[in-house]
Amino acid sequence: MALHATAFSFTGVSTSNKASRSSLLSVFPAPRRCTVKATSQYPPSFPRCKIQGRALPSDNGPLEKVESSLVVCFGEMLIDFVPTTSGLSLAEAPAFKKAPGGAPANVAVGISRLGGSSAFIGKVGEDEFGYMLAEILKENNVNSDGMRFDPGARTALAFVTLRKDGEREFMFYRNPSADMLLQEDELDLELIRKAKVFHYGSISLITEPCKSAHIAAAKAAKDAGVILSYDPNLRLPLWPSAESAREGILSIWDTADIIKISEEEILFLTQGEDPYDDNVVRKLYHPNLKLLLVTEGPEGCRYYTKDFSGRVKGIKVDAVDTTGAGDAFVAGILSQLASDVSLLQDEGKLRDALSFANACGALTVMERGAIPALPTREVVLNALLKSVA
(Lines give C-alpha, C1' and ligand atoms only; values in the text may rest on other atoms or scores of the structure.)
Protein backbone atom coordinates (compact mmCIF):
# COMPACT_ATOMS: atom_id res chain seq x y z
CA MET A 1 0.00 0.00 0.00
CA ALA A 2 1.48 3.33 -1.03
CA LEU A 3 2.11 5.96 1.58
CA HIS A 4 0.19 9.13 0.80
CA ALA A 5 0.88 12.56 2.25
CA THR A 6 -2.12 14.54 3.36
CA ALA A 7 -2.60 17.98 4.80
CA PHE A 8 -2.64 18.64 8.54
CA SER A 9 -6.28 18.63 9.59
CA PHE A 10 -8.68 17.69 12.34
CA THR A 11 -11.82 15.71 11.60
CA GLY A 12 -14.79 17.88 12.45
CA VAL A 13 -12.62 20.86 13.47
CA SER A 14 -12.44 24.07 11.47
CA THR A 15 -8.90 25.12 10.52
CA SER A 16 -9.89 28.74 10.01
CA ASN A 17 -9.32 31.51 12.52
CA LYS A 18 -12.70 30.63 13.97
CA ALA A 19 -11.39 27.33 15.30
CA SER A 20 -12.48 27.24 18.90
CA ARG A 21 -11.40 25.56 22.07
CA SER A 22 -14.80 23.90 22.39
CA SER A 23 -14.43 22.26 18.99
CA LEU A 24 -11.05 20.86 19.99
CA LEU A 25 -12.53 19.54 23.21
CA SER A 26 -15.12 17.64 21.17
CA VAL A 27 -12.35 15.98 19.15
CA PHE A 28 -10.07 15.32 22.14
CA PRO A 29 -12.39 14.53 25.09
CA ALA A 30 -10.70 14.08 28.44
CA PRO A 31 -9.57 10.47 28.95
CA ARG A 32 -11.46 8.46 31.54
CA ARG A 33 -9.57 7.61 34.71
CA CYS A 34 -9.90 4.27 36.46
CA THR A 35 -11.46 4.37 39.91
CA VAL A 36 -8.94 3.86 42.71
CA LYS A 37 -9.41 3.02 46.34
CA ALA A 38 -7.12 4.70 48.82
CA THR A 39 -5.15 2.30 50.99
CA SER A 40 -2.16 3.26 53.09
CA GLN A 41 0.03 6.31 52.58
CA TYR A 42 3.69 6.53 51.61
CA PRO A 43 5.83 6.65 54.74
CA PRO A 44 7.03 10.27 54.70
CA SER A 45 10.58 9.35 55.63
CA PHE A 46 10.74 6.23 53.41
CA PRO A 47 12.10 3.92 56.12
CA ARG A 48 14.54 1.37 54.78
CA CYS A 49 14.37 -2.38 55.23
CA LYS A 50 16.47 -5.19 53.81
CA ILE A 51 13.91 -7.25 51.98
CA GLN A 52 14.85 -7.54 48.31
CA GLY A 53 12.23 -6.35 45.86
CA ARG A 54 9.98 -4.82 48.49
CA ALA A 55 7.17 -2.48 47.45
CA LEU A 56 6.46 0.72 49.29
CA PRO A 57 2.83 1.20 50.25
CA SER A 58 0.95 3.43 47.84
CA ASP A 59 -1.95 5.80 48.21
CA ASN A 60 -3.32 4.73 44.85
CA GLY A 61 -4.56 1.30 45.80
CA PRO A 62 -6.28 -1.52 43.91
CA LEU A 63 -7.83 -0.45 40.65
CA GLU A 64 -11.46 -1.35 40.08
CA LYS A 65 -12.02 -2.21 36.45
CA VAL A 66 -15.44 -1.74 34.98
CA GLU A 67 -14.28 -0.64 31.52
CA SER A 68 -10.61 0.04 32.06
CA SER A 69 -8.74 2.86 30.35
CA LEU A 70 -5.60 2.03 32.34
CA VAL A 71 -2.21 1.96 30.61
CA VAL A 72 0.41 -0.08 32.47
CA CYS A 73 4.01 0.79 31.56
CA PHE A 74 6.75 -1.76 32.21
CA GLY A 75 10.51 -1.23 32.36
CA GLU A 76 13.13 1.21 33.56
CA MET A 77 12.90 4.39 35.60
CA LEU A 78 16.11 6.30 36.19
CA ILE A 79 17.76 9.66 36.66
CA ASP A 80 18.75 11.62 33.54
CA PHE A 81 21.52 14.19 33.86
CA VAL A 82 21.07 16.83 31.15
CA PRO A 83 23.68 19.56 30.43
CA THR A 84 22.68 23.06 31.43
CA THR A 85 24.22 24.35 28.19
CA SER A 86 22.94 23.08 24.83
CA GLY A 87 25.06 21.92 21.89
CA LEU A 88 27.98 20.52 23.89
CA SER A 89 29.35 17.02 24.27
CA LEU A 90 29.11 15.36 27.67
CA ALA A 91 32.78 16.05 28.29
CA GLU A 92 32.37 19.75 27.42
CA ALA A 93 29.23 20.33 29.52
CA PRO A 94 29.98 22.65 32.47
CA ALA A 95 27.10 21.37 34.64
CA PHE A 96 24.12 19.02 34.56
CA LYS A 97 20.48 19.25 35.57
CA LYS A 98 19.06 16.22 37.38
CA ALA A 99 15.78 15.01 35.85
CA PRO A 100 13.67 11.86 36.35
CA GLY A 101 13.40 9.70 33.25
CA GLY A 102 13.33 6.24 31.72
CA ALA A 103 11.15 5.68 28.65
CA PRO A 104 8.34 3.55 30.19
CA ALA A 105 8.14 5.83 33.23
CA ASN A 106 8.05 8.88 30.95
CA VAL A 107 5.07 7.40 29.13
CA ALA A 108 3.26 6.62 32.39
CA VAL A 109 3.71 10.18 33.69
CA GLY A 110 2.86 11.61 30.27
CA ILE A 111 -0.46 9.77 30.17
CA SER A 112 -1.38 10.93 33.66
CA ARG A 113 -0.47 14.54 32.82
CA LEU A 114 -2.86 14.28 29.87
CA GLY A 115 -5.69 13.21 32.17
CA GLY A 116 -5.47 9.45 31.61
CA SER A 117 -4.93 6.52 33.96
CA SER A 118 -1.49 4.94 34.14
CA ALA A 119 0.62 2.63 36.25
CA PHE A 120 4.33 1.84 36.33
CA ILE A 121 5.93 -1.56 36.92
CA GLY A 122 9.68 -1.70 37.44
CA LYS A 123 12.49 -1.65 39.98
CA VAL A 124 14.67 1.11 41.40
CA GLY A 125 17.35 1.11 44.06
CA GLU A 126 16.56 1.41 47.73
CA ASP A 127 18.39 4.72 47.72
CA GLU A 128 17.63 8.43 47.68
CA PHE A 129 17.19 8.52 43.91
CA GLY A 130 14.82 5.56 44.05
CA TYR A 131 12.71 7.22 46.72
CA MET A 132 12.72 10.44 44.71
CA LEU A 133 11.40 8.62 41.64
CA ALA A 134 8.67 6.94 43.68
CA GLU A 135 7.61 10.32 44.99
CA ILE A 136 7.50 11.74 41.46
CA LEU A 137 5.14 8.97 40.37
CA LYS A 138 2.95 9.74 43.35
CA GLU A 139 2.96 13.48 42.61
CA ASN A 140 1.88 12.75 39.04
CA ASN A 141 -0.95 10.36 40.03
CA VAL A 142 0.74 7.32 38.50
CA ASN A 143 -0.18 4.04 40.20
CA SER A 144 3.04 2.60 41.64
CA ASP A 145 1.76 -0.63 43.18
CA GLY A 146 4.07 -2.54 40.81
CA MET A 147 7.21 -0.62 41.75
CA ARG A 148 9.90 -2.55 43.62
CA PHE A 149 13.00 -1.44 45.58
CA ASP A 150 16.29 -3.34 45.54
CA PRO A 151 18.57 -2.93 48.59
CA GLY A 152 21.61 -4.30 46.78
CA ALA A 153 21.68 -2.26 43.57
CA ARG A 154 21.56 1.43 42.78
CA THR A 155 18.99 3.34 40.75
CA ALA A 156 20.22 3.71 37.15
CA LEU A 157 21.79 6.97 35.99
CA ALA A 158 22.04 8.29 32.42
CA PHE A 159 23.93 11.30 31.10
CA VAL A 160 22.41 12.58 27.85
CA THR A 161 23.11 15.56 25.64
CA LEU A 162 22.21 16.95 22.21
CA ARG A 163 25.40 17.84 20.34
CA LYS A 164 25.80 20.63 17.80
CA ASP A 165 25.39 18.12 14.95
CA GLY A 166 21.93 17.24 16.29
CA GLU A 167 22.92 13.79 17.51
CA ARG A 168 22.17 12.64 21.05
CA GLU A 169 24.99 11.27 23.16
CA PHE A 170 24.37 8.84 26.03
CA MET A 171 26.44 7.53 28.92
CA PHE A 172 24.81 5.01 31.27
CA TYR A 173 25.67 3.87 34.80
CA ARG A 174 23.95 0.52 35.35
CA ASN A 175 26.26 -2.45 35.99
CA PRO A 176 23.95 -3.71 37.25
CA SER A 177 21.34 -1.15 38.20
CA ALA A 178 18.17 -2.05 40.05
CA ASP A 179 15.92 -2.00 36.96
CA MET A 180 17.90 -4.93 35.52
CA LEU A 181 17.13 -7.08 38.58
CA LEU A 182 13.32 -7.20 38.54
CA GLN A 183 12.25 -10.82 38.96
CA GLU A 184 9.22 -12.64 37.61
CA ASP A 185 7.88 -13.40 41.10
CA GLU A 186 7.88 -9.67 41.89
CA LEU A 187 5.37 -8.83 39.14
CA ASP A 188 1.96 -7.42 40.05
CA LEU A 189 0.02 -9.63 37.64
CA GLU A 190 -3.34 -8.42 38.88
CA LEU A 191 -2.46 -4.88 37.90
CA ILE A 192 -1.29 -6.02 34.45
CA ARG A 193 -4.47 -7.98 33.76
CA LYS A 194 -6.64 -4.95 34.63
CA ALA A 195 -5.04 -2.78 31.94
CA LYS A 196 -6.47 -1.71 28.60
CA VAL A 197 -2.93 -1.26 27.24
CA PHE A 198 0.40 -2.77 28.36
CA HIS A 199 3.35 -0.71 27.13
CA TYR A 200 7.05 -1.65 27.15
CA GLY A 201 10.40 -1.16 25.43
CA SER A 202 13.39 -3.39 24.67
CA ILE A 203 15.92 -2.33 27.34
CA SER A 204 14.28 -4.73 29.80
CA LEU A 205 15.20 -7.59 27.43
CA ILE A 206 18.94 -7.10 27.67
CA THR A 207 19.75 -9.11 30.82
CA GLU A 208 18.28 -11.60 33.23
CA PRO A 209 16.33 -11.70 35.46
CA CYS A 210 14.48 -8.71 34.01
CA LYS A 211 14.19 -10.35 30.59
CA SER A 212 12.17 -13.25 31.99
CA ALA A 213 10.04 -10.86 34.02
CA HIS A 214 9.34 -8.84 30.87
CA ILE A 215 8.31 -11.90 28.85
CA ALA A 216 6.08 -13.18 31.68
CA ALA A 217 4.41 -9.79 32.12
CA ALA A 218 3.69 -9.46 28.39
CA LYS A 219 2.27 -13.00 28.28
CA ALA A 220 -0.03 -12.28 31.23
CA ALA A 221 -1.25 -9.15 29.48
CA LYS A 222 -1.77 -10.93 26.16
CA ASP A 223 -3.63 -13.81 27.80
CA ALA A 224 -5.93 -11.28 29.50
CA GLY A 225 -6.79 -9.60 26.19
CA VAL A 226 -4.77 -6.46 26.93
CA ILE A 227 -3.46 -4.46 23.96
CA LEU A 228 0.35 -4.70 23.73
CA SER A 229 2.24 -1.51 22.83
CA TYR A 230 5.95 -1.67 21.94
CA ASP A 231 8.50 1.11 21.51
CA PRO A 232 11.93 -0.53 20.98
CA ASN A 233 13.72 2.64 22.14
CA LEU A 234 17.08 1.54 20.73
CA ARG A 235 20.02 2.31 23.03
CA LEU A 236 23.00 0.52 21.44
CA PRO A 237 25.51 1.28 24.24
CA LEU A 238 23.45 -0.90 26.60
CA TRP A 239 23.57 -4.02 24.40
CA PRO A 240 26.57 -6.36 24.11
CA SER A 241 26.61 -5.83 20.33
CA ALA A 242 24.57 -4.40 17.47
CA GLU A 243 23.58 -7.90 16.40
CA SER A 244 22.35 -8.85 19.87
CA ALA A 245 20.32 -5.62 19.95
CA ARG A 246 18.73 -6.40 16.59
CA GLU A 247 17.93 -9.97 17.63
CA GLY A 248 16.61 -8.90 21.01
CA ILE A 249 14.34 -6.18 19.64
CA LEU A 250 12.91 -8.47 16.95
CA SER A 251 12.50 -11.43 19.34
CA ILE A 252 9.20 -10.01 20.65
CA TRP A 253 8.20 -8.08 17.52
CA ASP A 254 5.38 -10.37 16.41
CA THR A 255 3.54 -10.32 19.74
CA ALA A 256 2.86 -6.55 19.76
CA ASP A 257 -0.44 -5.02 18.66
CA ILE A 258 1.01 -1.52 18.30
CA ILE A 259 4.62 -0.63 17.46
CA LYS A 260 6.19 2.81 17.40
CA ILE A 261 9.60 3.20 15.76
CA SER A 262 11.82 6.03 14.56
CA GLU A 263 13.55 6.50 11.22
CA GLU A 264 16.87 5.59 12.85
CA GLU A 265 15.42 2.35 14.21
CA ILE A 266 14.14 1.37 10.76
CA LEU A 267 17.66 1.90 9.39
CA PHE A 268 19.07 -0.27 12.17
CA LEU A 269 16.51 -3.08 12.01
CA THR A 270 16.60 -3.34 8.19
CA GLN A 271 20.40 -2.99 8.14
CA GLY A 272 20.51 0.20 6.12
CA GLU A 273 17.39 0.19 3.98
CA ASP A 274 15.60 3.46 3.21
CA PRO A 275 13.31 4.37 6.14
CA TYR A 276 11.23 6.61 3.84
CA ASP A 277 10.45 3.79 1.42
CA ASP A 278 6.93 2.51 2.08
CA ASN A 279 7.88 -0.99 0.96
CA VAL A 280 10.73 -1.10 3.47
CA VAL A 281 8.47 -0.04 6.32
CA ARG A 282 5.84 -2.59 5.31
CA LYS A 283 8.43 -5.35 5.78
CA LEU A 284 8.23 -4.59 9.50
CA TYR A 285 4.44 -4.98 9.56
CA HIS A 286 3.66 -8.43 10.97
CA PRO A 287 0.31 -10.19 10.27
CA ASN A 288 -1.24 -9.54 13.69
CA LEU A 289 -0.14 -5.92 14.01
CA LYS A 290 -2.93 -3.36 14.38
CA LEU A 291 -0.89 -0.17 14.04
CA LEU A 292 2.69 0.70 13.06
CA LEU A 293 3.83 4.25 13.76
CA VAL A 294 6.99 5.89 12.41
CA THR A 295 8.04 9.13 14.09
CA GLU A 296 9.89 11.75 12.08
CA GLY A 297 10.77 14.34 14.72
CA PRO A 298 9.54 17.84 13.81
CA GLU A 299 8.07 16.53 10.54
CA GLY A 300 5.40 14.53 12.39
CA CYS A 301 4.70 10.85 11.89
CA ARG A 302 3.57 8.15 9.49
CA TYR A 303 0.96 5.52 10.29
CA TYR A 304 0.26 2.08 8.83
CA THR A 305 -2.63 -0.32 9.39
CA LYS A 306 -3.86 -3.23 7.29
CA ASP A 307 -6.41 -0.95 5.60
CA PHE A 308 -4.87 2.52 5.38
CA SER A 309 -1.70 4.54 5.79
CA GLY A 310 -0.66 8.17 5.74
CA ARG A 311 1.28 11.02 7.28
CA VAL A 312 0.33 13.61 9.89
CA LYS A 313 2.41 16.79 10.02
CA GLY A 314 4.09 17.90 13.22
CA ILE A 315 4.22 21.25 14.97
CA LYS A 316 7.42 23.25 14.50
CA VAL A 317 8.99 24.56 17.73
CA ASP A 318 12.40 25.69 18.94
CA ALA A 319 14.01 22.57 20.39
CA VAL A 320 16.02 22.83 23.60
CA ASP A 321 16.29 19.14 24.53
CA THR A 322 14.80 16.25 22.55
CA THR A 323 14.99 13.81 25.47
CA GLY A 324 11.57 12.26 26.04
CA ALA A 325 9.95 13.58 22.84
CA GLY A 326 9.20 10.08 21.55
CA ASP A 327 7.83 9.05 24.94
CA ALA A 328 5.56 12.10 25.00
CA PHE A 329 4.30 11.10 21.53
CA VAL A 330 3.58 7.59 22.78
CA ALA A 331 1.78 8.99 25.84
CA GLY A 332 -0.32 11.14 23.56
CA ILE A 333 -1.48 8.34 21.28
CA LEU A 334 -1.98 5.78 24.07
CA SER A 335 -4.00 8.23 26.18
CA GLN A 336 -6.39 8.57 23.24
CA LEU A 337 -6.38 4.86 22.36
CA ALA A 338 -7.10 3.70 25.91
CA SER A 339 -10.29 5.75 25.88
CA ASP A 340 -11.37 4.82 22.35
CA VAL A 341 -9.98 1.66 20.75
CA SER A 342 -12.13 2.28 17.66
CA LEU A 343 -9.56 4.76 16.37
CA LEU A 344 -7.55 1.74 15.18
CA GLN A 345 -10.26 1.17 12.54
CA ASP A 346 -11.26 4.80 11.92
CA GLU A 347 -8.67 6.76 9.95
CA GLY A 348 -10.20 10.13 10.79
CA LYS A 349 -10.09 9.43 14.52
CA LEU A 350 -6.57 8.04 14.22
CA ARG A 351 -5.31 11.15 12.43
CA ASP A 352 -6.83 13.35 15.12
CA ALA A 353 -5.17 11.27 17.84
CA LEU A 354 -1.83 11.47 16.03
CA SER A 355 -2.13 15.25 15.71
CA PHE A 356 -2.55 15.31 19.47
CA ALA A 357 0.45 12.99 19.92
CA ASN A 358 2.63 15.10 17.61
CA ALA A 359 1.83 18.16 19.70
CA CYS A 360 2.79 16.28 22.88
CA GLY A 361 6.18 15.43 21.40
CA ALA A 362 6.80 18.95 20.09
CA LEU A 363 6.00 20.63 23.40
CA THR A 364 8.34 18.31 25.29
CA VAL A 365 11.45 19.39 23.39
CA MET A 366 10.99 23.00 24.54
CA GLU A 367 12.29 22.24 28.06
CA ARG A 368 15.21 20.30 29.51
CA GLY A 369 14.68 16.79 30.83
CA ALA A 370 11.96 14.27 30.01
CA ILE A 371 9.43 14.12 32.84
CA PRO A 372 9.74 17.81 33.80
CA ALA A 373 8.89 18.77 30.20
CA LEU A 374 5.88 16.50 29.64
CA PRO A 375 2.81 18.66 28.84
CA THR A 376 -0.65 18.70 30.36
CA ARG A 377 -3.77 18.22 28.25
CA GLU A 378 -4.57 21.92 28.61
CA VAL A 379 -1.18 22.94 27.17
CA VAL A 380 -1.54 20.49 24.26
CA LEU A 381 -5.01 21.75 23.36
CA ASN A 382 -3.80 25.35 23.44
CA ALA A 383 -0.90 24.46 21.12
CA LEU A 384 -3.25 22.72 18.70
CA LEU A 385 -5.57 25.68 18.72
CA LYS A 386 -2.72 28.03 17.85
CA SER A 387 -1.46 25.72 15.09
CA VAL A 388 -4.79 25.75 13.22
CA ALA A 389 -5.68 29.39 13.85
# chains A, B, ... in the order shown; residues from 1 in each chain; ligands from 1
$ residues_around --residues "Phe74 (chain A)" --least-positions-apart "6" --cutoff "12 Å" --atoms "only C-alpha atoms" --output "ChimeraX atom specification"
/A:102-108,118-123,144,146-148,179,182,187-189,191-192,195,197-205,210-211,213-218,221,228-231
$ residues_around --residues "Asn140 (chain A)" --least-positions-apart "5" --cutoff "9 Å" --atoms "only C-alpha atoms" --output "list in words"
Val109, Gly110, Ser112, Arg113 and Glu135 of chain A
$ closest_residue --among "A:Pro287, A:Gly332, A:Pro275, A:Gly300" --to "Asp254 (chain A)" --atoms "only C-alpha atoms"
A:Pro287
$ closest_residue --among "A:Cys360, A:Ala242, A:Val142, A:Ala178" --to "Gly116 (chain A)" --atoms "only C-alpha atoms"
A:Val142
$ decode --residues "region 80-99 of chain A" --atoms "N, CA and C atoms" --output "PDB file, in the first residue's frame"
ATOM      1  N   ASP A  80      18.019  11.032  34.658  1.00  0.00           N
ATOM      2  CA  ASP A  80      18.751  11.618  33.540  1.00  0.00           C
ATOM      3  C   ASP A  80      19.520  12.837  34.044  1.00  0.00           C
ATOM      4  N   PHE A  81      20.756  12.982  33.606  1.00  0.00           N
ATOM      5  CA  PHE A  81      21.519  14.189  33.857  1.00  0.00           C
ATOM      6  C   PHE A  81      21.707  14.903  32.524  1.00  0.00           C
ATOM      7  N   VAL A  82      21.105  16.081  32.406  1.00  0.00           N
ATOM      8  CA  VAL A  82      21.075  16.827  31.146  1.00  0.00           C
ATOM      9  C   VAL A  82      21.933  18.089  31.285  1.00  0.00           C
ATOM     10  N   PRO A  83      22.832  18.364  30.330  1.00  0.00           N
ATOM     11  CA  PRO A  83      23.684  19.558  30.433  1.00  0.00           C
ATOM     12  C   PRO A  83      22.860  20.844  30.526  1.00  0.00           C
ATOM     13  N   THR A  84      23.359  21.776  31.294  1.00  0.00           N
ATOM     14  CA  THR A  84      22.679  23.064  31.433  1.00  0.00           C
ATOM     15  C   THR A  84      22.939  23.966  30.234  1.00  0.00           C
ATOM     16  N   THR A  85      23.904  23.600  29.402  1.00  0.00           N
ATOM     17  CA  THR A  85      24.220  24.346  28.188  1.00  0.00           C
ATOM     18  C   THR A  85      24.018  23.443  26.977  1.00  0.00           C
ATOM     19  N   SER A  86      23.257  23.894  25.998  1.00  0.00           N
ATOM     20  CA  SER A  86      22.944  23.077  24.825  1.00  0.00           C
ATOM     21  C   SER A  86      24.100  23.041  23.832  1.00  0.00           C
ATOM     22  N   GLY A  87      24.117  22.002  22.993  1.00  0.00           N
ATOM     23  CA  GLY A  87      25.061  21.915  21.893  1.00  0.00           C
ATOM     24  C   GLY A  87      26.460  21.493  22.253  1.00  0.00           C
ATOM     25  N   LEU A  88      26.649  20.950  23.456  1.00  0.00           N
ATOM     26  CA  LEU A  88      27.975  20.516  23.893  1.00  0.00           C
ATOM     27  C   LEU A  88      28.013  19.013  24.092  1.00  0.00           C
ATOM     28  N   SER A  89      29.193  18.433  23.953  1.00  0.00           N
ATOM     29  CA  SER A  89      29.350  17.017  24.265  1.00  0.00           C
ATOM     30  C   SER A  89      29.283  16.851  25.782  1.00  0.00           C
ATOM     31  N   LEU A  90      29.151  15.617  26.225  1.00  0.00           N
ATOM     32  CA  LEU A  90      29.106  15.362  27.666  1.00  0.00           C
ATOM     33  C   LEU A  90      30.385  15.843  28.349  1.00  0.00           C
ATOM     34  N   ALA A  91      31.504  15.645  27.699  1.00  0.00           N
ATOM     35  CA  ALA A  91      32.778  16.055  28.291  1.00  0.00           C
ATOM     36  C   ALA A  91      32.899  17.572  28.389  1.00  0.00           C
ATOM     37  N   GLU A  92      32.275  18.285  27.448  1.00  0.00           N
ATOM     38  CA  GLU A  92      32.366  19.746  27.422  1.00  0.00           C
ATOM     39  C   GLU A  92      31.354  20.431  28.334  1.00  0.00           C
ATOM     40  N   ALA A  93      30.294  19.714  28.728  1.00  0.00           N
ATOM     41  CA  ALA A  93      29.227  20.332  29.515  1.00  0.00           C
ATOM     42  C   ALA A  93      29.759  20.835  30.857  1.00  0.00           C
ATOM     43  N   PRO A  94      29.474  22.101  31.217  1.00  0.00           N
ATOM     44  CA  PRO A  94      29.980  22.654  32.474  1.00  0.00           C
ATOM     45  C   PRO A  94      29.218  22.175  33.701  1.00  0.00           C
ATOM     46  N   ALA A  95      27.936  21.821  33.521  1.00  0.00           N
ATOM     47  CA  ALA A  95      27.101  21.373  34.635  1.00  0.00           C
ATOM     48  C   ALA A  95      25.916  20.598  34.086  1.00  0.00           C
ATOM     49  N   PHE A  96      25.240  19.849  34.971  1.00  0.00           N
ATOM     50  CA  PHE A  96      24.119  19.018  34.556  1.00  0.00           C
ATOM     51  C   PHE A  96      22.903  19.260  35.442  1.00  0.00           C
ATOM     52  N   LYS A  97      21.724  19.171  34.832  1.00  0.00           N
ATOM     53  CA  LYS A  97      20.475  19.248  35.569  1.00  0.00           C
ATOM     54  C   LYS A  97      19.958  17.831  35.805  1.00  0.00           C
ATOM     55  N   LYS A  98      19.614  17.532  37.024  1.00  0.00           N
ATOM     56  CA  LYS A  98      19.064  16.215  37.379  1.00  0.00           C
ATOM     57  C   LYS A  98      17.590  16.174  36.997  1.00  0.00           C
ATOM     58  N   ALA A  99      17.182  15.116  36.275  1.00  0.00           N
ATOM     59  CA  ALA A  99      15.783  15.006  35.853  1.00  0.00           C
ATOM     60  C   ALA A  99      15.353  13.544  35.865  1.00  0.00           C
TER      61      ALA A  99
END
